[in-house]
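Asker: Following this line is my_file36.cif, made up of mmCIF, C-alpha atoms:
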```cif
data_final
#
loop_
_atom_site.label_atom_id
_atom_site.label_comp_id
_atom_site.auth_asym_id
_atom_site.auth_seq_id
_atom_site.Cartn_x
_atom_site.Cartn_y
_atom_site.Cartn_z
CA MET K 1 100.50 91.68 136.52
CA PRO K 2 101.26 92.75 132.93
CA PRO K 3 100.62 90.36 130.05
CA LYS K 4 103.47 87.97 129.44
CA ASP K 5 103.48 88.31 125.72
CA VAL K 6 102.30 90.86 123.18
CA ILE K 7 102.28 90.28 119.44
CA VAL K 8 101.34 93.01 116.96
CA LEU K 9 99.61 92.22 113.68
CA ARG K 10 100.01 94.89 111.03
CA TYR K 11 97.00 94.51 108.74
CA GLY K 12 97.23 95.27 105.00
CA HIS K 13 100.82 96.40 104.52
CA ARG K 14 101.55 97.52 100.94
CA PRO K 15 105.33 97.13 100.34
CA TYR K 16 106.09 100.46 98.69
CA ARG K 17 103.42 102.85 99.88
CA ASP K 18 103.46 101.74 103.53
CA GLN K 19 107.13 101.01 104.05
CA ARG K 20 107.93 104.05 106.17
CA VAL K 21 104.77 103.92 108.27
CA THR K 22 105.16 100.17 108.86
CA THR K 23 108.78 100.73 109.88
CA HIS K 24 107.51 103.20 112.50
CA CYS K 25 105.02 100.52 113.65
CA CYS K 26 107.81 97.93 114.01
CA LEU K 27 110.04 100.29 116.00
CA VAL K 28 107.15 101.37 118.21
CA ALA K 29 106.24 97.73 118.85
CA ARG K 30 109.88 97.14 119.85
CA ALA K 31 110.26 100.28 121.99
CA PHE K 32 106.97 99.75 123.83
CA GLY K 33 107.45 96.13 124.81
CA ALA K 34 105.90 93.86 122.16
CA SER K 35 107.93 90.73 121.39
CA LYS K 36 106.90 90.22 117.79
CA ILE K 37 105.25 91.98 114.86
CA LEU K 38 103.59 90.13 112.01
CA VAL K 39 103.17 92.15 108.85
CA GLU K 40 100.41 91.06 106.50
CA GLY K 41 101.88 91.25 103.03
CA GLU K 42 104.89 90.22 100.98
CA THR K 43 108.29 89.99 102.65
CA ASP K 44 109.84 93.44 102.55
CA PRO K 45 113.65 93.19 102.73
CA VAL K 46 114.18 96.93 103.36
CA LEU K 47 111.85 96.89 106.34
CA LEU K 48 113.53 93.75 107.71
CA GLU K 49 116.99 95.29 107.32
CA THR K 50 116.00 98.47 109.19
CA VAL K 51 114.62 96.57 112.17
CA LYS K 52 117.56 94.15 112.17
CA SER K 53 119.96 97.07 112.29
CA VAL K 54 118.12 98.70 115.22
CA ASN K 55 118.07 95.37 117.09
CA ALA K 56 121.81 94.90 116.44
CA THR K 57 122.73 98.35 117.73
CA TRP K 58 120.22 99.02 120.50
CA GLY K 59 119.42 95.47 121.59
CA GLN K 60 117.13 92.64 120.61
CA GLY K 61 113.61 93.86 121.09
CA ILE K 62 111.41 92.65 118.32
CA GLU K 63 111.05 89.81 115.87
CA VAL K 64 109.48 90.68 112.50
CA GLY K 65 107.56 88.17 110.41
CA PHE K 66 105.42 88.40 107.28
CA CYS K 67 102.21 86.52 106.57
CA PRO K 68 100.09 86.30 103.42
CA ALA K 69 96.71 86.66 105.15
CA TRP K 70 95.48 87.89 108.51
CA LYS K 71 92.63 85.43 109.07
CA PRO K 72 94.51 82.15 109.71
CA VAL K 73 97.03 84.06 111.86
CA LEU K 74 94.38 85.64 114.07
CA ARG K 75 92.45 82.38 114.33
CA GLY K 76 95.64 80.53 115.28
CA LEU K 77 96.58 83.07 117.93
CA LYS K 78 93.06 82.98 119.35
CA MET K 79 93.32 79.18 119.61
CA GLU K 80 96.62 79.63 121.48
CA GLY K 81 94.84 81.82 124.02
CA TYR K 82 95.75 85.30 122.80
CA ALA K 83 93.19 88.02 123.47
CA ILE K 84 92.72 89.82 120.15
CA VAL K 85 92.59 93.61 120.50
CA HIS K 86 91.79 95.52 117.31
CA LEU K 87 92.62 99.22 117.49
CA THR K 88 89.98 101.26 115.67
CA MET K 89 88.53 104.70 116.23
CA TYR K 90 85.07 103.07 116.14
CA GLY K 91 85.80 100.83 119.13
CA LEU K 92 85.19 101.02 122.87
CA GLU K 93 86.83 103.70 124.98
CA LEU K 94 90.41 103.00 126.08
CA GLU K 95 90.02 104.22 129.63
CA LYS K 96 86.98 102.07 130.43
CA THR K 97 88.13 98.95 128.62
CA MET K 98 91.86 98.75 129.42
CA PRO K 99 91.42 97.39 132.97
CA LYS K 100 89.72 94.30 131.49
CA ILE K 101 92.35 93.84 128.77
CA ARG K 102 95.15 94.02 131.35
CA ASN K 103 93.95 90.67 132.77
CA ALA K 104 94.96 88.88 129.57
CA ARG K 105 98.36 87.21 129.72
CA ARG K 106 98.75 87.01 125.95
CA VAL K 107 97.61 89.84 123.73
CA CYS K 108 97.58 90.22 119.97
CA VAL K 109 97.09 93.85 118.91
CA VAL K 110 95.78 94.40 115.39
CA ILE K 111 96.52 97.72 113.67
CA GLY K 112 95.21 98.61 110.24
CA SER K 113 96.50 100.73 107.44
CA GLN K 114 93.96 100.64 104.66
CA LYS K 115 90.25 99.97 105.32
CA VAL K 116 89.90 97.02 107.68
CA GLU K 117 87.55 94.15 106.78
CA ARG K 118 84.45 93.44 108.84
CA GLY K 119 85.87 90.02 109.79
CA VAL K 120 88.61 91.61 111.91
CA TYR K 121 85.98 93.39 114.02
CA GLU K 122 84.17 90.08 114.45
CA LEU K 123 87.20 87.98 115.35
CA ALA K 124 88.51 90.56 117.81
CA ASP K 125 87.78 90.08 121.52
CA TRP K 126 88.01 93.84 121.88
CA ASN K 127 87.58 96.59 119.34
CA LEU K 128 89.29 99.43 121.12
CA ALA K 129 89.46 103.16 120.37
CA VAL K 130 92.51 105.17 121.38
CA GLY K 131 90.42 108.28 120.83
CA SER K 132 87.23 108.31 118.73
CA THR K 133 88.64 110.52 116.01
CA PRO K 134 91.02 109.79 113.11
CA HIS K 135 94.76 109.94 113.75
CA SER K 136 97.49 107.34 113.32
CA GLU K 137 97.91 103.60 113.84
CA ILE K 138 101.47 104.33 115.00
CA ALA K 139 100.21 106.62 117.75
CA ALA K 140 97.37 104.27 118.67
CA LEU K 141 99.80 101.36 119.05
CA ALA K 142 102.19 103.39 121.22
CA VAL K 143 99.50 104.70 123.57
CA PHE K 144 97.85 101.28 123.79
CA LEU K 145 101.10 99.54 124.78
CA HIS K 146 102.04 102.39 127.12
CA GLU K 147 98.71 102.00 128.91
CA LEU K 148 98.84 98.19 128.84
CA PHE K 149 102.24 98.12 130.54
CA LYS K 150 101.48 101.22 132.65
CA GLY K 151 104.65 102.98 131.52
CA ARG K 152 106.96 100.24 132.79
CA GLU K 153 107.90 99.33 129.21
CA LEU K 154 109.94 102.55 128.91
CA ARG K 155 112.22 101.45 131.74
CA THR K 156 112.96 98.02 130.27
CA GLY K 157 116.38 97.49 128.75
CA PHE K 158 117.17 95.46 125.63
CA ALA K 159 119.35 92.35 125.73
CA GLY K 160 122.53 92.27 123.64
CA ALA K 161 122.68 96.00 122.94
CA ARG K 162 125.91 97.35 121.48
CA LEU K 163 125.04 100.94 122.45
CA ALA K 164 122.87 102.50 125.15
CA ILE K 165 121.73 106.05 125.83
CA GLN K 166 122.34 107.84 129.10
CA PRO K 167 119.46 110.30 129.60
CA ASN K 168 120.83 113.83 129.24
CA ALA K 169 119.44 117.34 129.80
CA CYS K 170 121.11 118.89 126.76
CA GLY K 171 122.98 116.68 124.34
CA LYS K 172 123.70 113.12 123.32
CA GLN K 173 125.38 110.70 125.67
CA VAL K 174 125.82 107.27 124.15
CA VAL K 175 127.79 104.55 125.88
CA ARG K 176 129.03 101.10 124.89
CA ALA K 177 126.71 98.52 126.36
CA ASP K 178 128.59 95.38 125.31
CA ARG K 179 131.56 95.52 127.67
CA MET R 1 95.95 122.02 136.08
CA PRO R 2 96.80 121.09 132.47
CA PRO R 3 98.60 123.60 130.27
CA LYS R 4 96.24 126.04 128.59
CA ASP R 5 97.86 125.85 125.24
CA VAL R 6 100.05 123.38 123.35
CA ILE R 7 101.71 124.13 120.03
CA VAL R 8 103.65 121.49 118.09
CA LEU R 9 106.63 122.40 115.92
CA ARG R 10 107.45 119.83 113.26
CA TYR R 11 111.15 120.27 112.52
CA GLY R 12 112.56 119.67 109.04
CA HIS R 13 109.55 118.61 106.98
CA ARG R 14 110.44 117.65 103.41
CA PRO R 15 107.31 118.07 101.23
CA TYR R 16 107.39 114.81 99.28
CA ARG R 17 109.30 112.36 101.44
CA ASP R 18 107.66 113.33 104.72
CA GLN R 19 104.10 114.07 103.64
CA ARG R 20 102.51 110.95 105.05
CA VAL R 21 104.44 110.97 108.33
CA THR R 22 103.80 114.69 108.87
CA THR R 23 100.10 114.11 108.18
CA HIS R 24 100.12 111.54 110.99
CA CYS R 25 101.85 114.14 113.21
CA CYS R 26 99.15 116.73 112.43
CA LEU R 27 96.30 114.32 113.14
CA VAL R 28 97.94 113.12 116.36
CA ALA R 29 98.46 116.73 117.48
CA ARG R 30 94.73 117.32 116.81
CA ALA R 31 93.49 114.10 118.45
CA PHE R 32 95.65 114.52 121.56
CA GLY R 33 94.75 118.10 122.38
CA ALA R 34 97.28 120.46 120.75
CA SER R 35 95.76 123.64 119.31
CA LYS R 36 98.26 124.29 116.55
CA ILE R 37 101.02 122.63 114.55
CA LEU R 38 103.74 124.58 112.79
CA VAL R 39 105.51 122.69 110.04
CA GLU R 40 109.01 123.85 109.16
CA GLY R 41 109.19 123.82 105.40
CA GLU R 42 107.37 124.98 102.29
CA THR R 43 103.59 125.16 102.33
CA ASP R 44 102.26 121.73 101.41
CA PRO R 45 98.75 122.00 99.93
CA VAL R 46 98.03 118.25 100.11
CA LEU R 47 98.83 118.15 103.82
CA LEU R 48 96.69 121.24 104.45
CA GLU R 49 93.77 119.75 102.52
CA THR R 50 93.87 116.48 104.51
CA VAL R 51 93.80 118.24 107.87
CA LYS R 52 91.13 120.70 106.68
CA SER R 53 88.94 117.80 105.62
CA VAL R 54 89.35 116.03 109.01
CA ASN R 55 88.55 119.27 110.85
CA ALA R 56 85.46 119.81 108.65
CA THR R 57 84.09 116.32 109.27
CA TRP R 58 85.16 115.52 112.82
CA GLY R 59 85.39 119.02 114.29
CA GLN R 60 87.86 121.85 114.52
CA GLY R 61 90.81 120.59 116.46
CA ILE R 62 93.99 121.89 114.94
CA GLU R 63 95.36 124.81 113.02
CA VAL R 64 98.23 124.08 110.63
CA GLY R 65 100.85 126.64 109.68
CA PHE R 66 104.13 126.53 107.79
CA CYS R 67 107.32 128.40 108.64
CA PRO R 68 110.58 128.73 106.72
CA ALA R 69 112.88 128.26 109.75
CA TRP R 70 112.53 126.88 113.25
CA LYS R 71 114.84 129.29 115.08
CA PRO R 72 112.84 132.55 114.98
CA VAL R 73 109.66 130.60 115.74
CA LEU R 74 111.10 128.90 118.84
CA ARG R 75 112.69 132.13 120.03
CA GLY R 76 109.38 133.97 119.56
CA LEU R 77 107.40 131.33 121.44
CA LYS R 78 109.95 131.34 124.25
CA MET R 79 109.58 135.13 124.53
CA GLU R 80 105.80 134.63 124.76
CA GLY R 81 106.30 132.31 127.73
CA TYR R 82 106.07 128.89 126.09
CA ALA R 83 108.11 126.13 127.70
CA ILE R 84 109.98 124.46 124.85
CA VAL R 85 110.00 120.66 125.06
CA HIS R 86 112.10 118.87 122.47
CA LEU R 87 111.31 115.17 122.11
CA THR R 88 114.51 113.19 121.54
CA MET R 89 115.61 109.71 122.54
CA TYR R 90 118.75 111.31 124.03
CA GLY R 91 116.77 113.44 126.51
CA LEU R 92 115.69 113.09 130.11
CA GLU R 93 113.32 110.34 131.20
CA LEU R 94 109.62 111.02 130.65
CA GLU R 95 108.43 109.66 133.97
CA LYS R 96 110.79 111.74 136.09
CA THR R 97 110.52 114.95 134.09
CA MET R 98 106.82 115.16 133.21
CA PRO R 99 105.65 116.36 136.65
CA LYS R 100 107.79 119.50 136.17
CA ILE R 101 106.61 120.08 132.60
CA ARG R 102 102.97 119.83 133.70
CA ASN R 103 103.41 123.09 135.63
CA ALA R 104 103.87 125.04 132.39
CA ARG R 105 100.72 126.73 131.11
CA ARG R 106 102.01 127.09 127.56
CA VAL R 107 104.03 124.34 125.93
CA CYS R 108 105.70 124.12 122.55
CA VAL R 109 106.63 120.52 121.66
CA VAL R 110 109.34 120.11 119.05
CA ILE R 111 109.45 116.87 117.04
CA GLY R 112 112.14 116.11 114.48
CA SER R 113 112.22 114.11 111.33
CA GLN R 114 115.73 114.30 109.93
CA LYS R 115 118.76 114.90 112.17
CA VAL R 116 118.03 117.75 114.56
CA GLU R 117 120.50 120.63 114.89
CA ARG R 118 122.38 121.24 118.12
CA GLY R 119 120.66 124.63 118.49
CA VAL R 120 117.30 122.96 119.14
CA TYR R 121 118.76 121.09 122.12
CA GLU R 122 120.18 124.37 123.43
CA LEU R 123 117.02 126.46 123.00
CA ALA R 124 114.79 123.79 124.56
CA ASP R 125 113.84 124.10 128.21
CA TRP R 126 113.50 120.33 128.29
CA ASN R 127 115.02 117.68 126.09
CA LEU R 128 112.74 114.77 126.82
CA ALA R 129 112.95 111.09 125.93
CA VAL R 130 109.79 109.06 125.42
CA GLY R 131 111.94 105.97 125.72
CA SER R 132 115.72 106.00 125.20
CA THR R 133 115.65 103.91 122.04
CA PRO R 134 114.77 104.77 118.44
CA HIS R 135 111.12 104.63 117.38
CA SER R 136 108.82 107.28 115.91
CA GLU R 137 108.18 111.00 116.34
CA ILE R 138 104.48 110.25 115.81
CA ALA R 139 104.45 107.84 118.74
CA ALA R 140 106.58 110.12 120.91
CA LEU R 141 104.19 113.03 120.31
CA ALA R 142 101.13 110.94 121.14
CA VAL R 143 102.53 109.51 124.37
CA PHE R 144 103.89 112.90 125.44
CA LEU R 145 100.52 114.64 124.97
CA HIS R 146 98.67 111.69 126.55
CA GLU R 147 100.90 111.99 129.64
CA LEU R 148 100.77 115.79 129.67
CA PHE R 149 96.97 115.83 129.72
CA LYS R 150 96.77 112.63 131.82
CA GLY R 151 94.43 110.97 129.35
CA ARG R 152 91.78 113.67 129.61
CA GLU R 153 92.47 114.73 126.01
CA LEU R 154 90.78 111.56 124.72
CA ARG R 155 87.49 112.56 126.34
CA THR R 156 87.44 116.05 124.83
CA GLY R 157 85.02 116.67 121.97
CA PHE R 158 85.65 118.83 118.90
CA ALA R 159 83.62 121.96 118.17
CA GLY R 160 81.69 122.17 114.92
CA ALA R 161 81.86 118.45 114.08
CA ARG R 162 79.61 117.19 111.31
CA LEU R 163 79.99 113.57 112.41
CA ALA R 164 80.78 111.88 115.71
CA ILE R 165 81.55 108.28 116.68
CA GLN R 166 79.59 106.37 119.29
CA PRO R 167 81.99 103.87 120.87
CA ASN R 168 80.96 100.37 119.81
CA ALA R 169 81.97 96.83 120.78
CA CYS R 170 81.82 95.42 117.25
CA GLY R 171 81.17 97.74 114.36
CA LYS R 172 80.93 101.35 113.28
CA GLN R 173 78.37 103.67 114.76
CA VAL R 174 78.60 107.17 113.34
CA VAL R 175 76.04 109.85 114.15
CA ARG R 176 75.32 113.34 112.86
CA ALA R 177 76.76 115.85 115.30
CA ASP R 178 75.48 119.03 113.66
CA ARG R 179 71.81 118.83 114.48
#
```
Take the structure from the file and write it as structure tokens.
Answerer:
Amino acid sequence: MPPKDVIVLRYGHRPYRDQRVTTHCCLVARAFGASKILVEGETDPVLLETVKSVNATWGQGIEVGFCPAWKPVLRGLKMEGYAIVHLTMYGLELEKTMPKIRNARRVCVVIGSQKVERGVYELADWNLAVGSTPHSEIAALAVFLHELFKGRELRTGFAGARLAIQPNACGKQVVRADR
Amino acid sequence: MPPKDVIVLRYGHRPYRDQRVTTHCCLVARAFGASKILVEGETDPVLLETVKSVNATWGQGIEVGFCPAWKPVLRGLKMEGYAIVHLTMYGLELEKTMPKIRNARRVCVVIGSQKVERGVYELADWNLAVGSTPHSEIAALAVFLHELFKGRELRTGFAGARLAIQPNACGKQVVRADR
């Protein structure tokens, strides 16, 4: 049984420098089945607008929130029964650890941008490596969610979509989804 | 049997605007088992330096090249027997199509940034959707390679590494790999 609810926490978002990368994180969280992403940092209206526009066109998939500090958020989620999974290249191997994580019904995935504080490692129930070599928090999030949901997330539709894509061998086939 | 060789073509890189995202693409290509990434656009010394530094520390995993135009490159690779896979949300479903792609021994994966020209769709042997909803070329590349290699890519080491990570439950354990 897949977890009922997945929340992503984007650690250390810097409004200007990280805007594009965090937008990718939000859209990946949406596309791969998370219900919410919390961005640590000041409210970023451009980021919000982009995600809102994707939700309006392609269906409601993700809620975006901002929070001033990660610690009370993670502590609160832990109290509510979320398993905290921190994605880091220093963590345990994905393949060996994922079967245990799949038992959790509520998961909070933490992804970093800048250097992540020691406290995140300590609060996490799992420090998990999607590969023990540097790459991208966007990629790590996608592969983690894809493994967590065993690929089923890619077959899930989005409620309230205005448009939908019909898979096509060579071209773009977009249909109205709201009538 | 996994493909022997995977080359990534990054379509439409714009040196300043795309530098950070293309760096993620390069590091994902390296971490998930591609041997080479070709970036369409002017040579970008900052990008090259970042990848060179990762290769020097964590092991040789990827070669980066730049090319002025995608068309002759794709045509050349096709002549050499590469199956061209273009990742686009408008393409065929990953789950259904991947078993056929896995038969190819040489694969060139095309990932876009800005709007991709019609000609790419036409030259591709497969237009493939890692989810039929907008997200991120970085995420699409990672999940594609992870599926192509069936997760084995994450267990592969890198030759000539100076440092290596020992997977750890709560902290950072880095060891010398060159002695």
Asker: Apply the PyMOL selection byres ((chain R and resi 141-155) around 10) to the displayed file and report the matching residues as an MDAnalysis selection string.
Answerer: (chainID K and resid 93:95 129:133 135:136 138:144 146:147 151) or (chainID R and resid 1:3 6 8 25 27:34 85 87 94:95 98:99 101:103 107 109:111 128:130 136:140 156:158)
Asker: Could you superpose chain R on chain K by least squares over every Cα, matched in sequence order, and send it back as a compact mmCIF listing (two decimals) with C-alpha atoms, in the frame of the given file?
Answerer:
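Saved to result.txt:
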```txt
# COMPACT_ATOMS: atom_id res chain seq x y z
CA MET R 1 100.45 91.67 136.46
CA PRO R 2 101.25 92.76 132.88
CA PRO R 3 100.61 90.35 130.02
CA LYS R 4 103.49 87.96 129.43
CA ASP R 5 103.48 88.30 125.72
CA VAL R 6 102.31 90.87 123.17
CA ILE R 7 102.27 90.27 119.43
CA VAL R 8 101.34 93.00 116.95
CA LEU R 9 99.61 92.21 113.67
CA ARG R 10 100.00 94.89 111.02
CA TYR R 11 96.99 94.52 108.73
CA GLY R 12 97.23 95.27 105.01
CA HIS R 13 100.83 96.39 104.51
CA ARG R 14 101.57 97.50 100.95
CA PRO R 15 105.34 97.14 100.33
CA TYR R 16 106.09 100.48 98.68
CA ARG R 17 103.40 102.86 99.89
CA ASP R 18 103.46 101.74 103.51
CA GLN R 19 107.15 101.01 104.06
CA ARG R 20 107.94 104.06 106.15
CA VAL R 21 104.77 103.92 108.26
CA THR R 22 105.15 100.18 108.87
CA THR R 23 108.77 100.75 109.88
CA HIS R 24 107.51 103.20 112.50
CA CYS R 25 105.01 100.53 113.64
CA CYS R 26 107.81 97.95 114.01
CA LEU R 27 110.04 100.30 115.99
CA VAL R 28 107.15 101.38 118.22
CA ALA R 29 106.23 97.74 118.85
CA ARG R 30 109.89 97.14 119.85
CA ALA R 31 110.26 100.28 121.99
CA PHE R 32 106.97 99.75 123.84
CA GLY R 33 107.45 96.13 124.82
CA ALA R 34 105.91 93.87 122.16
CA SER R 35 107.93 90.73 121.39
CA LYS R 36 106.89 90.22 117.80
CA ILE R 37 105.26 91.99 114.86
CA LEU R 38 103.59 90.13 112.02
CA VAL R 39 103.17 92.15 108.85
CA GLU R 40 100.42 91.06 106.49
CA GLY R 41 101.89 91.24 103.03
CA GLU R 42 104.89 90.19 100.98
CA THR R 43 108.28 89.98 102.65
CA ASP R 44 109.85 93.43 102.54
CA PRO R 45 113.65 93.19 102.73
CA VAL R 46 114.19 96.92 103.35
CA LEU R 47 111.85 96.88 106.35
CA LEU R 48 113.53 93.75 107.72
CA GLU R 49 116.99 95.29 107.31
CA THR R 50 116.00 98.47 109.19
CA VAL R 51 114.62 96.58 112.17
CA LYS R 52 117.57 94.14 112.16
CA SER R 53 119.97 97.06 112.28
CA VAL R 54 118.11 98.70 115.22
CA ASN R 55 118.06 95.38 117.10
CA ALA R 56 121.81 94.90 116.44
CA THR R 57 122.74 98.35 117.73
CA TRP R 58 120.22 99.01 120.49
CA GLY R 59 119.41 95.46 121.57
CA GLN R 60 117.11 92.64 120.59
CA GLY R 61 113.60 93.85 121.11
CA ILE R 62 111.41 92.64 118.30
CA GLU R 63 111.04 89.82 115.86
CA VAL R 64 109.49 90.67 112.49
CA GLY R 65 107.56 88.18 110.39
CA PHE R 66 105.43 88.39 107.27
CA CYS R 67 102.21 86.52 106.57
CA PRO R 68 100.11 86.30 103.42
CA ALA R 69 96.72 86.66 105.16
CA TRP R 70 95.50 87.90 108.52
CA LYS R 71 92.64 85.44 109.06
CA PRO R 72 94.52 82.17 109.71
CA VAL R 73 97.03 84.05 111.85
CA LEU R 74 94.37 85.64 114.09
CA ARG R 75 92.45 82.38 114.33
CA GLY R 76 95.66 80.53 115.27
CA LEU R 77 96.60 83.07 117.93
CA LYS R 78 93.08 82.97 119.35
CA MET R 79 93.33 79.17 119.61
CA GLU R 80 96.62 79.62 121.48
CA GLY R 81 94.86 81.83 124.03
CA TYR R 82 95.75 85.31 122.79
CA ALA R 83 93.19 88.02 123.47
CA ILE R 84 92.73 89.82 120.16
CA VAL R 85 92.58 93.61 120.49
CA HIS R 86 91.80 95.52 117.32
CA LEU R 87 92.63 99.23 117.49
CA THR R 88 89.98 101.26 115.67
CA MET R 89 88.52 104.70 116.23
CA TYR R 90 85.06 103.07 116.14
CA GLY R 91 85.79 100.83 119.15
CA LEU R 92 85.19 101.02 122.87
CA GLU R 93 86.82 103.70 124.99
CA LEU R 94 90.40 103.01 126.08
CA GLU R 95 90.02 104.22 129.64
CA LYS R 96 86.99 102.08 130.44
CA THR R 97 88.13 98.95 128.62
CA MET R 98 91.85 98.74 129.43
CA PRO R 99 91.42 97.39 132.99
CA LYS R 100 89.73 94.30 131.50
CA ILE R 101 92.35 93.85 128.77
CA ARG R 102 95.15 94.02 131.36
CA ASN R 103 93.94 90.69 132.77
CA ALA R 104 94.95 88.88 129.58
CA ARG R 105 98.36 87.21 129.73
CA ARG R 106 98.75 87.01 125.96
CA VAL R 107 97.61 89.84 123.72
CA CYS R 108 97.58 90.21 119.97
CA VAL R 109 97.09 93.86 118.91
CA VAL R 110 95.78 94.40 115.40
CA ILE R 111 96.53 97.72 113.67
CA GLY R 112 95.21 98.61 110.23
CA SER R 113 96.49 100.73 107.44
CA GLN R 114 93.94 100.63 104.65
CA LYS R 115 90.24 99.97 105.32
CA VAL R 116 89.89 97.02 107.67
CA GLU R 117 87.55 94.15 106.78
CA ARG R 118 84.46 93.43 108.84
CA GLY R 119 85.88 90.01 109.79
CA VAL R 120 88.60 91.62 111.90
CA TYR R 121 85.98 93.38 114.02
CA GLU R 122 84.16 90.06 114.45
CA LEU R 123 87.21 87.96 115.35
CA ALA R 124 88.51 90.55 117.83
CA ASP R 125 87.79 90.08 121.52
CA TRP R 126 88.02 93.84 121.89
CA ASN R 127 87.58 96.59 119.36
CA LEU R 128 89.29 99.45 121.12
CA ALA R 129 89.46 103.16 120.38
CA VAL R 130 92.50 105.18 121.38
CA GLY R 131 90.41 108.28 120.84
CA SER R 132 87.23 108.30 118.73
CA THR R 133 88.65 110.52 116.00
CA PRO R 134 91.02 109.80 113.11
CA HIS R 135 94.76 109.95 113.75
CA SER R 136 97.50 107.34 113.32
CA GLU R 137 97.92 103.60 113.83
CA ILE R 138 101.48 104.34 115.00
CA ALA R 139 100.21 106.62 117.74
CA ALA R 140 97.37 104.28 118.68
CA LEU R 141 99.81 101.37 119.06
CA ALA R 142 102.18 103.40 121.22
CA VAL R 143 99.50 104.71 123.58
CA PHE R 144 97.84 101.29 123.81
CA LEU R 145 101.10 99.54 124.78
CA HIS R 146 102.05 102.41 127.13
CA GLU R 147 98.70 102.00 128.92
CA LEU R 148 98.84 98.20 128.85
CA PHE R 149 102.24 98.12 130.55
CA LYS R 150 101.48 101.23 132.65
CA GLY R 151 104.64 102.97 131.52
CA ARG R 152 106.94 100.24 132.79
CA GLU R 153 107.90 99.33 129.21
CA LEU R 154 109.95 102.54 128.92
CA ARG R 155 112.22 101.44 131.76
CA THR R 156 112.95 98.02 130.29
CA GLY R 157 116.38 97.49 128.74
CA PHE R 158 117.17 95.46 125.62
CA ALA R 159 119.34 92.35 125.72
CA GLY R 160 122.50 92.25 123.62
CA ALA R 161 122.67 96.00 122.94
CA ARG R 162 125.89 97.35 121.48
CA LEU R 163 125.04 100.93 122.45
CA ALA R 164 122.88 102.49 125.15
CA ILE R 165 121.73 106.06 125.83
CA GLN R 166 122.34 107.84 129.11
CA PRO R 167 119.47 110.30 129.59
CA ASN R 168 120.82 113.83 129.23
CA ALA R 169 119.46 117.33 129.80
CA CYS R 170 121.11 118.88 126.75
CA GLY R 171 122.98 116.68 124.34
CA LYS R 172 123.70 113.11 123.32
CA GLN R 173 125.38 110.71 125.67
CA VAL R 174 125.82 107.27 124.15
CA VAL R 175 127.80 104.54 125.89
CA ARG R 176 129.04 101.10 124.90
CA ALA R 177 126.71 98.51 126.37
CA ASP R 178 128.61 95.38 125.32
CA ARG R 179 131.55 95.52 127.66
```
Asker: Ranking R:Arg75, R:Lys52, R:Arg105, R:His24 by minimum distance to chain K and counting all atoms listed in the file, which one comes first?
Answerer: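 Among the listed residues, the smallest separation from chain K belongs to R:His24.
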Asker: For the structure shown, which residues end up in the PyMOL selection byres ((chain R and resi 106) around 9)? Put them as a list of chain:residue names, please?
Answerer: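 For this structure, the PyMOL selection byres ((chain R and resi 106) around 9) resolves to R:Pro3, R:Lys4, R:Asp5, R:Val6, R:Ile7, R:Glu80, R:Gly81, R:Tyr82, R:Ala83, R:Ile84, R:Ala104, R:Arg105, R:Val107, R:Cys108.
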Asker: How many Å separate CA of Val73 in chain K from CA of Gln173 in chain R?
Answerer: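 Those two atoms sit 27.2 Å apart.
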Asker: Could you work out how far CA of Leu77 in chain R lies from CA of Gln166 in chain K, giving the answer in Å with one decimal?
Answerer: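 Between CA of Gln166 in chain K and CA of Leu77 in chain R the gap works out to 28.9 Å.
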Asker: To one decimal in Å, tell me the separation between CA of Leu74 in chain R and CA of Tyr121 in chain R.
Answerer: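 So the answer is 11.4 Å.
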Asker: Hey, what comes out of the PyMOL selection byres ((chain R and resi 43-48) around 10) on this file? Could you write it as a PDB file with C-alpha atoms, in the coordinates of the input?
Answerer:
```pdb
ATOM      1  CA  HIS R  13     109.550 118.610 106.980  1.00  0.00           C
ATOM      2  CA  ARG R  14     110.440 117.650 103.410  1.00  0.00           C
ATOM      3  CA  PRO R  15     107.310 118.070 101.230  1.00  0.00           C
ATOM      4  CA  TYR R  16     107.390 114.810  99.280  1.00  0.00           C
ATOM      5  CA  GLN R  19     104.100 114.070 103.640  1.00  0.00           C
ATOM      6  CA  ARG R  20     102.510 110.950 105.050  1.00  0.00           C
ATOM      7  CA  THR R  22     103.800 114.690 108.870  1.00  0.00           C
ATOM      8  CA  THR R  23     100.100 114.110 108.180  1.00  0.00           C
ATOM      9  CA  HIS R  24     100.120 111.540 110.990  1.00  0.00           C
ATOM     10  CA  CYS R  26      99.150 116.730 112.430  1.00  0.00           C
ATOM     11  CA  VAL R  39     105.510 122.690 110.040  1.00  0.00           C
ATOM     12  CA  GLU R  40     109.010 123.850 109.160  1.00  0.00           C
ATOM     13  CA  GLY R  41     109.190 123.820 105.400  1.00  0.00           C
ATOM     14  CA  GLU R  42     107.370 124.980 102.290  1.00  0.00           C
ATOM     15  CA  GLU R  49      93.770 119.750 102.520  1.00  0.00           C
ATOM     16  CA  THR R  50      93.870 116.480 104.510  1.00  0.00           C
ATOM     17  CA  VAL R  51      93.800 118.240 107.870  1.00  0.00           C
ATOM     18  CA  LYS R  52      91.130 120.700 106.680  1.00  0.00           C
ATOM     19  CA  SER R  53      88.940 117.800 105.620  1.00  0.00           C
ATOM     20  CA  GLU R  63      95.360 124.810 113.020  1.00  0.00           C
ATOM     21  CA  VAL R  64      98.230 124.080 110.630  1.00  0.00           C
ATOM     22  CA  GLY R  65     100.850 126.640 109.680  1.00  0.00           C
ATOM     23  CA  PHE R  66     104.130 126.530 107.790  1.00  0.00           C
ATOM     24  CA  CYS R  67     107.320 128.400 108.640  1.00  0.00           C
ATOM     25  CA  PRO R  68     110.580 128.730 106.720  1.00  0.00           C
TER      26      PRO R  68
END
```
